[in-house]
Amino acid sequence: MNFAFSEEQDEFRELLRRFVEERWPVAETRRLAETDAGFDRAVWKQMADELGLQGLAVSEAHGGQGFGMLELGIALEELGRQLAGGPFLASAVLSNFALSNGATPEEHAEFLPGIAAGTSISAWADAPGLAVDNGRASGRVAWCIDAHNADLLLLTTRGGLIALDPGADGVSIVAAKATDLTRKYAHIELAGAPVRKLGVGLDPDAAAVKTRHQAVIAVAAEQVGAAAHCFDQAVAYVKERLQFGRPVGGFQAVKHRAADAYAVVELARSAAYWSWWVAANDGAELGEAAHVVKSIASEAARTAAYENIHLHGGYGFTWEHDAHLYYRRAAANEVFQGDPVAHRAALAVELGVLVAG
Amino acid sequence: MNFAFSEEQDEFRELLRRFVEERWPVAETRRLAETDAGFDRAVWKQMADELGLQGLAVSEAHGGQGFGMLELGIALEELGRQLAGGPFLASAVLSNFALSNGATPEEHAEFLPGIAAGTSISAWADAPGLAVDNGRASGRVAWCIDAHNADLLLLTTRGGLIALDPGADGVSIVAAKATDLTRKYAHIELAGAPVRKLGVGLDPDAAAVKTRHQAVIAVAAEQVGAAAHCFDQAVAYVKERLQFGRPVGGFQAVKHRAADAYAVVELARSAAYWSWWVAANDGAELGEAAHVVKSIASEAARTAAYENIHLHGGYGFTWEHDAHLYYRRAAANEVFQGDPVAHRAALAVELGVLVAG
Amino acid sequence: MDFEDTPDEAAFRAEVAGFLDRNLPEGGVRYHDMGTMEEKARRQREWQLILHEHGWSVPTWSAEWGGRALTPAKNVIWRQECDRVGVGEGVLNGGLSMLGPTLIAHGSQEQKERLLEPTARGEILWAQLFSEPGSGSDLASLATRAVRDGDDWIVNGQKVWSSFANVADMGFLLVRTDARKPKHQGITYLLIDLHQPGVEVRPLIEMTGGNHFNEVFFSDARVPVANQVGAEGAGWGIARTTLMYERSSIGSFSVLGHFERLRDLIRERGVPVDAVTADELARLYVRARSLDLLNKRVLTKVSQGQVPGAEGSVMKNEISDVMLAAADIGIRLLGEDALAPGHAYEHDFLFAPSMHLGGGTEEIMKNLVAEQVLGLPREPDAFKGKPFDEVPRS
Amino acid sequence: MDFEDTPDEAAFRAEVAGFLDRNLPEGGVRYHDMGTMEEKARRQREWQLILHEHGWSVPTWSAEWGGRALTPAKNVIWRQECDRVGVGEGVLNGGLSMLGPTLIAHGSQEQKERLLEPTARGEILWAQLFSEPGSGSDLASLATRAVRDGDDWIVNGQKVWSSFANVADMGFLLVRTDARKPKHQGITYLLIDLHQPGVEVRPLIEMTGGNHFNEVFFSDARVPVANQVGAEGAGWGIARTTLMYERSSIGSFSVLGHFERLRDLIRERGVPVDAVTADELARLYVRARSLDLLNKRVLTKVSQGQVPGAEGSVMKNEISDVMLAAADIGIRLLGEDALAPGHAYEHDFLFAPSMHLGGGTEEIMKNLVAEQVLGLPREPDAFKGKPFDEVPRS
């Protein structure tokens, strides 16, 4: 038993943390929130050229680095600390999962190299409500992360994975403002849009389930990074801020709030690292890991974001302070691919203490 | 709007508090826990002769004082502070409710005078599982408060209220030890026992529902008294107990625990007093009041009992300290006539936010 | 015990309701419906004049100063009826419920005669100027200083969390006039004209994206000594009066409304609620209902002439928790639609974290309950009695 | 990262398992199955001799004193395998996991030679004698005093919360030998023979109705100076070593077992669980699973030679919360049957409140995390550096 990252993994984390703090700190995320795209193409290119980040979990055969969920988890956790990355989640993570699970080797060879190089951006959504018939799709996907930035749209429908050209007739993609200011969302309307069915011959349900579980585990990695950042910021502040002649962090009520937040952040981190290991090893516990980590990481992200506001006093409630950006993101991540209550219900069924229904 | 007791009611409370503290303090409850009966006939008689307590809520026509739920609430709250009263709940409260709602005026005249005078003890239970046929009942009532002390057994069956002679053939009543040491319980087994059907001509369902709601409100009154006692005891202790050269009640974490407990006790008290008023006025909100008060009073009783143990440190965890008696009673009251989760589900249905089922 | 109106109360309620129904202007005066802060101020002033003409502008003030000296019970009815038609004190709150009562208690005869009537008429709009960036929970550590120059005080420093200062005419201001005294003893209470050079009001944008509070900067701003309330150095005691009135003006709230809005949302959406969420809704209702009842108990006490005590601190914390829980359930009910800006719970969700900050943090409130209601010891203070300027500040 | 055994670990696990399976006596040595405290002591001593013969009596001690100097990782495997067959240190815990390591670190050569081997063999059974009625969270304020009389210390005072003192032969005891020094400096660490006049052990009945702890009274009890560990007045530092070993011996626990017992109960009863309770069960599982994983992270750190730090305090609080929640769900599942004494959750329900008391209260644990892990300031102490006898006590 060894619950530690390798030296290489630790070095990768360090490297990445420096990169994100320099090129895409939360101040930059805040600036980009005002733009439609939500990312800077120059930095996106640096991510690809200097770090090969977009190809981190793409096989070497397709121009990637061939790493797995452990490295991807580290990347998402570090990006999560600064709410950075733009379409990294949509393209290099979610679309990569959808294709890896739901497309054929030929299709991998067609799509993954562009994603890995960062030259093509892809977006993915779960779209069980779409009507797909005769190579045409109609219907609505209310919220799709970064769809308006995408060169390729991937949708998981009831019949399997489909690919769309965002520029095709019958496809309307509208960038949507969201309560979460730090991630970009779009509404998609399809009216008889031409689609291409992927992964013919594969089991579409197995692919969809696996993609969903992996997606949850990926977002939880981000939640843990964001939670840790909020927690660190709050603790640093209460050490400095004086009231009644002493640091507010010396008052027992504040100390205990910090200790409670520390506990939930460390619990979530532990569950997250394990979930990456399960995903990296294609373990049978993938579903359980997704349910567990979604529940605890959501709690950690929301708790730490709230405590960061609270422990900063009135200052934490201002627009100017970054605390609210994390609080907003926490809410958005919480409802992504099933809220914690839904995941706990699924977990209870899996554990045999609740009858499915 | 006037959320205050009358001067007479305040005086009654004072009188009763003195009586209970002198004649039936928790030390006496502890001594009686070792006995089968769980009460002292001499004190029982004093309750009747000096205070007319058993007849508090029985009409004057039947030898009672003719008061209502407000006075009964005060009595139960004060008895609850010392976990005192023995069969008062079973006889003067629950059986009185069952008869008042489910029996005819002639039957009132037959049974209530004995109960009011304290010369006859009655016990009541909800027994929807009993088979009653041709004047004979069979089946099991797993837990009935003070049944082994009773001269008269009242059972709410699916067909209405029935009365049994505990000494009749086919009736077996066995005193049962319980985790709650301070109240006496018994198991009842009926094998073709002769029963008398009461309240012929009345609506048995309406009577049963009303009796259950009133029963919950009565027990909640006791819960509030017990909670208040635990809370008072804990606060008194942390003022005295020194560690690190100062009262532990001066440490912020302890202060905030006390403030939190105070809040829930006062919320429960507020809900309880209102529920008595609703019951006293036969208000349409009886069901809602029962659900609300069961939820908040259970929380208050359990929280205060736990905090009393915790704030006494190791000493609170000893057998010798009374704290555990309250903690045990809190658990027992919590499951009486539906636990808080069940009451909240019923409330959610009543409020129109949950579909019954 | 009786939860219904007495005949006298019922008559009063009818009188108030009748007055409001007859006089409320077309379109009402709902705070949230009135557009910009300037527009709110304009329309509230118009309405206040109507109230004033009919003797309802300051119903809790004494008759001597134009009020009706309402009993607490009747004040509750007054506020309930106002709530019913969506009328609140809004931008006038500082003058009507904080400064006015403070002046009546501590002002000079000249100050009362000069200021109370224009305040009651809504002519002078007031802002509270107490908090500072470095003085939050430890309000008495405030550092904005005033130095005497002839018949004027000259003020320098910064205030923050000042509601409505961007539309206010005057402010009630705490300044430090002696930094060599212990912190509570060197504070003076001034009334400052905000329309003067040397006063700059900067609206503060909150995390909701809205603006409710302001920062106020003073550079050699002037206050005539005639606008000093009470003695030099006696400001802290007077501020406590203001704070007491501020807290009791929060007393009237509709905590059950938080449940009702959720129920409306469920009905609107027509999506069945799962059992776990239903349990949380029921929990919320139980808490809110009990809190509403606790509030009624406290009001009864006040009506009977008892001092309310720190129960108000319990209520502030509890209502904050109810609001946090309601916002949480609200966004859960919305599911993915909670991403849409301006959704039914966006404002509440973003506003909720301020509930345990404004008007005293959760921690300060619990300290108050523990110390003032339960009699537990105060935190030891290593700087007790030390001069203000010898206590470390951030 | 790898959650499976390395080949070396797997081989070790197989070795341990083989040893246990071959040598475990008929009927096992499960603590809860062994009847009275005396019976437990007798059977555990027999088993300890078997362990000793095969070199497994003190596997974490150094080879010099009969141990195997197991790495933390292997110690975890050792304990997991022992757990599997229901073997624990039980009444031997004080000697094997507290006093032994403390003596190895701080004892004289003579003390080690005289005491370690009989301790390892289970011949000397030890009790901890630290806490006092007046010294709980503030352990260093202990008042049991010892006065020098020739080559003996004469001890007077009272200890409490002493596990197994009613069957123990000796105790490791903290006494005050100088009340004029600040509290941490006047404490001496002694080893006392409990079988002597002047020592009275009174079993304490806990709220569960069971007996685990004892009160121990000293009236002119004697301890030869040869049984003083470390220097006079140096006892506090040595006690900290003992406490560190005590805490780390709590490290191995099966927190997921709390969920599994509930699942078994549900299966046994065959009553379907409602959605609200299922959510709570899932919450419990999530917490327990995450806690189990956090424990593994800490063990990995320890295995890599890092100092564990106060993460253990987090774990103690979290496992307490898990147990409280499990007991609560347990009695809920039982419904009315939770009234029956001896039901599946009676013991847990009654025992749970002690979890946040024993081994450091919840508050002390959170202080430790805040101060030692997060670097937040300590509580100001008005009595710092003051002589012990000038500090108020209750």
# chains A, B, ... in the order shown; residues from 1 in each chain; ligands from 1
>>> residues_around(residues="Trp274 (chain A)", least_positions_apart="4", cutoff="10 Å", atoms="only C-alpha atoms", output="PDB file with N, CA and C atoms, in the first residue's frame")
ATOM      1  N   PHE A   3       0.133   5.324  -0.629  1.00  0.00           N
ATOM      2  CA  PHE A   3      -0.776   6.408  -0.984  1.00  0.00           C
ATOM      3  C   PHE A   3       0.047   7.671  -1.196  1.00  0.00           C
ATOM      4  N   LEU A  70      -4.261   9.874 -12.938  1.00  0.00           N
ATOM      5  CA  LEU A  70      -3.487  10.455 -11.829  1.00  0.00           C
ATOM      6  C   LEU A  70      -2.917  11.807 -12.238  1.00  0.00           C
ATOM      7  N   ALA A 268     -11.787  15.116   1.506  1.00  0.00           N
ATOM      8  CA  ALA A 268     -12.118  15.168   0.082  1.00  0.00           C
ATOM      9  C   ALA A 268     -10.877  14.879  -0.758  1.00  0.00           C
ATOM     10  N   ARG A 269      -9.759  15.416  -0.340  1.00  0.00           N
ATOM     11  CA  ARG A 269      -8.521  15.194  -1.076  1.00  0.00           C
ATOM     12  C   ARG A 269      -8.180  13.697  -1.075  1.00  0.00           C
ATOM     13  N   SER A 270      -8.353  13.067   0.058  1.00  0.00           N
ATOM     14  CA  SER A 270      -8.049  11.639   0.158  1.00  0.00           C
ATOM     15  C   SER A 270      -8.952  10.832  -0.776  1.00  0.00           C
ATOM     16  N   VAL A 278      -8.405   4.691  -8.891  1.00  0.00           N
ATOM     17  CA  VAL A 278      -9.400   3.721  -9.393  1.00  0.00           C
ATOM     18  C   VAL A 278      -9.605   3.925 -10.892  1.00  0.00           C
ATOM     19  N   ALA A 279      -9.775   5.202 -11.298  1.00  0.00           N
ATOM     20  CA  ALA A 279     -10.008   5.487 -12.715  1.00  0.00           C
ATOM     21  C   ALA A 279      -8.776   5.123 -13.540  1.00  0.00           C
ATOM     22  N   ALA A 280      -7.598   5.430 -13.014  1.00  0.00           N
ATOM     23  CA  ALA A 280      -6.369   5.147 -13.763  1.00  0.00           C
ATOM     24  C   ALA A 280      -6.208   3.648 -13.977  1.00  0.00           C
ATOM     25  N   ALA A 289     -16.516   5.125  -6.585  1.00  0.00           N
ATOM     26  CA  ALA A 289     -15.566   6.224  -6.411  1.00  0.00           C
ATOM     27  C   ALA A 289     -16.188   7.542  -6.863  1.00  0.00           C
ATOM     28  N   VAL A 293     -16.775  10.574  -4.238  1.00  0.00           N
ATOM     29  CA  VAL A 293     -15.997  11.795  -4.384  1.00  0.00           C
ATOM     30  C   VAL A 293     -16.897  12.981  -4.722  1.00  0.00           C
TER      31      VAL A 293
ATOM     32  N   MET D   1       1.508   5.638  -6.566  1.00  0.00           N
ATOM     33  CA  MET D   1       0.304   5.359  -5.786  1.00  0.00           C
ATOM     34  C   MET D   1      -0.194   3.952  -6.092  1.00  0.00           C
ATOM     35  N   ASP D   2      -0.440   3.215  -5.049  1.00  0.00           N
ATOM     36  CA  ASP D   2      -0.915   1.852  -5.255  1.00  0.00           C
ATOM     37  C   ASP D   2      -1.564   1.371  -3.960  1.00  0.00           C
ATOM     38  N   PHE D   3      -2.821   0.973  -4.061  1.00  0.00           N
ATOM     39  CA  PHE D   3      -3.522   0.597  -2.841  1.00  0.00           C
ATOM     40  C   PHE D   3      -3.403  -0.888  -2.540  1.00  0.00           C
ATOM     41  N   SER D 290     -13.813   8.068   3.168  1.00  0.00           N
ATOM     42  CA  SER D 290     -12.827   9.140   3.015  1.00  0.00           C
ATOM     43  C   SER D 290     -11.864   9.140   4.205  1.00  0.00           C
ATOM     44  N   LEU D 293      -9.402   6.467   3.890  1.00  0.00           N
ATOM     45  CA  LEU D 293      -8.387   6.857   2.906  1.00  0.00           C
ATOM     46  C   LEU D 293      -7.427   7.894   3.484  1.00  0.00           C
ATOM     47  N   LEU D 294      -7.962   8.819   4.263  1.00  0.00           N
ATOM     48  CA  LEU D 294      -7.082   9.800   4.917  1.00  0.00           C
ATOM     49  C   LEU D 294      -6.102   9.076   5.834  1.00  0.00           C
ATOM     50  N   ARG D 297      -3.386   7.734   3.845  1.00  0.00           N
ATOM     51  CA  ARG D 297      -2.429   8.776   3.440  1.00  0.00           C
ATOM     52  C   ARG D 297      -1.463   9.084   4.566  1.00  0.00           C
TER      53      ARG D 297
END
>>> interface_residues(of="chain D", to="chain C", cutoff="10 Å", atoms="only C-alpha atoms", output="ChimeraX atom specification")
/D:274-280,379-382
>>> closest_residue(among="B:His312, B:Ala176, B:Ala98, B:Leu79", to="Leu242 (chain B)", atoms="only C-alpha atoms")
B:His312
>>> atom_distance(atom1="CA of Gly245 (chain A)", atom2="CA of Ala239 (chain C)")
21.1 Å
>>> closest_residue(among="B:Glu307, B:Asp322, B:Glu350, B:Glu77", to="Val292 (chain B)", atoms="only C-alpha atoms")
B:Glu350
>>> interface_residues(of="chain A", to="chain D", cutoff="6 Å", atoms="only C-alpha atoms", output="list in words")
Met1, Asn2, Phe3, Ala4, Phe5, Gly249, Gly250, Lys255, His256, Ala259, Leu267, Ser270, Ala271, Val292, Arg344 and Ala348 of chain A
>>> write_last_selection(atoms="N, CA and C atoms", output="CSV table (one decimal), in the first residue's frame")
chain,number,residue,atom,x,y,z
A,1,MET,N,0.8,-1.2,0.0
A,1,MET,CA,0.0,0.0,0.0
A,1,MET,C,0.9,1.2,0.0
A,2,ASN,N,0.6,2.1,-1.0
A,2,ASN,CA,1.4,3.3,-1.0
A,2,ASN,C,0.5,4.5,-1.6
A,3,PHE,N,0.1,5.3,-0.6
A,3,PHE,CA,-0.8,6.4,-1.0
A,3,PHE,C,0.0,7.7,-1.2
A,4,ALA,N,1.0,7.6,-2.2
A,4,ALA,CA,1.8,8.8,-2.4
A,4,ALA,C,2.0,8.9,-3.9
A,5,PHE,N,2.2,10.1,-4.4
A,5,PHE,CA,2.5,10.3,-5.8
A,5,PHE,C,4.0,10.0,-6.0
A,249,GLY,N,-7.5,34.7,14.0
A,249,GLY,CA,-7.2,33.3,14.0
A,249,GLY,C,-6.8,32.7,15.4
A,250,GLY,N,-6.6,33.6,16.4
A,250,GLY,CA,-6.3,33.1,17.7
A,250,GLY,C,-7.6,32.9,18.5
A,255,LYS,N,-10.5,29.3,15.2
A,255,LYS,CA,-9.7,28.2,15.1
A,255,LYS,C,-10.4,26.9,14.8
A,256,HIS,N,-11.6,26.7,15.4
A,256,HIS,CA,-12.3,25.5,15.2
A,256,HIS,C,-13.0,25.5,13.9
A,259,ALA,N,-10.3,24.4,11.7
A,259,ALA,CA,-10.0,23.0,11.9
A,259,ALA,C,-11.1,22.1,11.2
A,267,LEU,N,-10.3,15.2,3.9
A,267,LEU,CA,-11.1,14.0,3.5
A,267,LEU,C,-11.4,14.0,2.0
A,270,SER,N,-8.4,13.1,0.1
A,270,SER,CA,-8.0,11.6,0.2
A,270,SER,C,-9.0,10.8,-0.8
A,271,ALA,N,-10.2,11.2,-0.8
A,271,ALA,CA,-11.2,10.5,-1.6
A,271,ALA,C,-10.9,10.7,-3.1
A,292,VAL,N,-18.8,8.6,-4.2
A,292,VAL,CA,-18.2,9.1,-3.0
A,292,VAL,C,-17.5,10.4,-3.2
A,344,ARG,N,-25.5,10.2,-3.8
A,344,ARG,CA,-25.7,9.4,-2.6
A,344,ARG,C,-26.8,8.4,-2.7
A,348,ALA,N,-26.2,4.5,-2.3
A,348,ALA,CA,-27.0,3.6,-1.4
A,348,ALA,C,-27.5,2.4,-2.1
>>> closest_residue(among="A:Leu76, A:Ala304, A:Ala253, A:Ala345", to="chain B", atoms="only C-alpha atoms")
A:Ala253
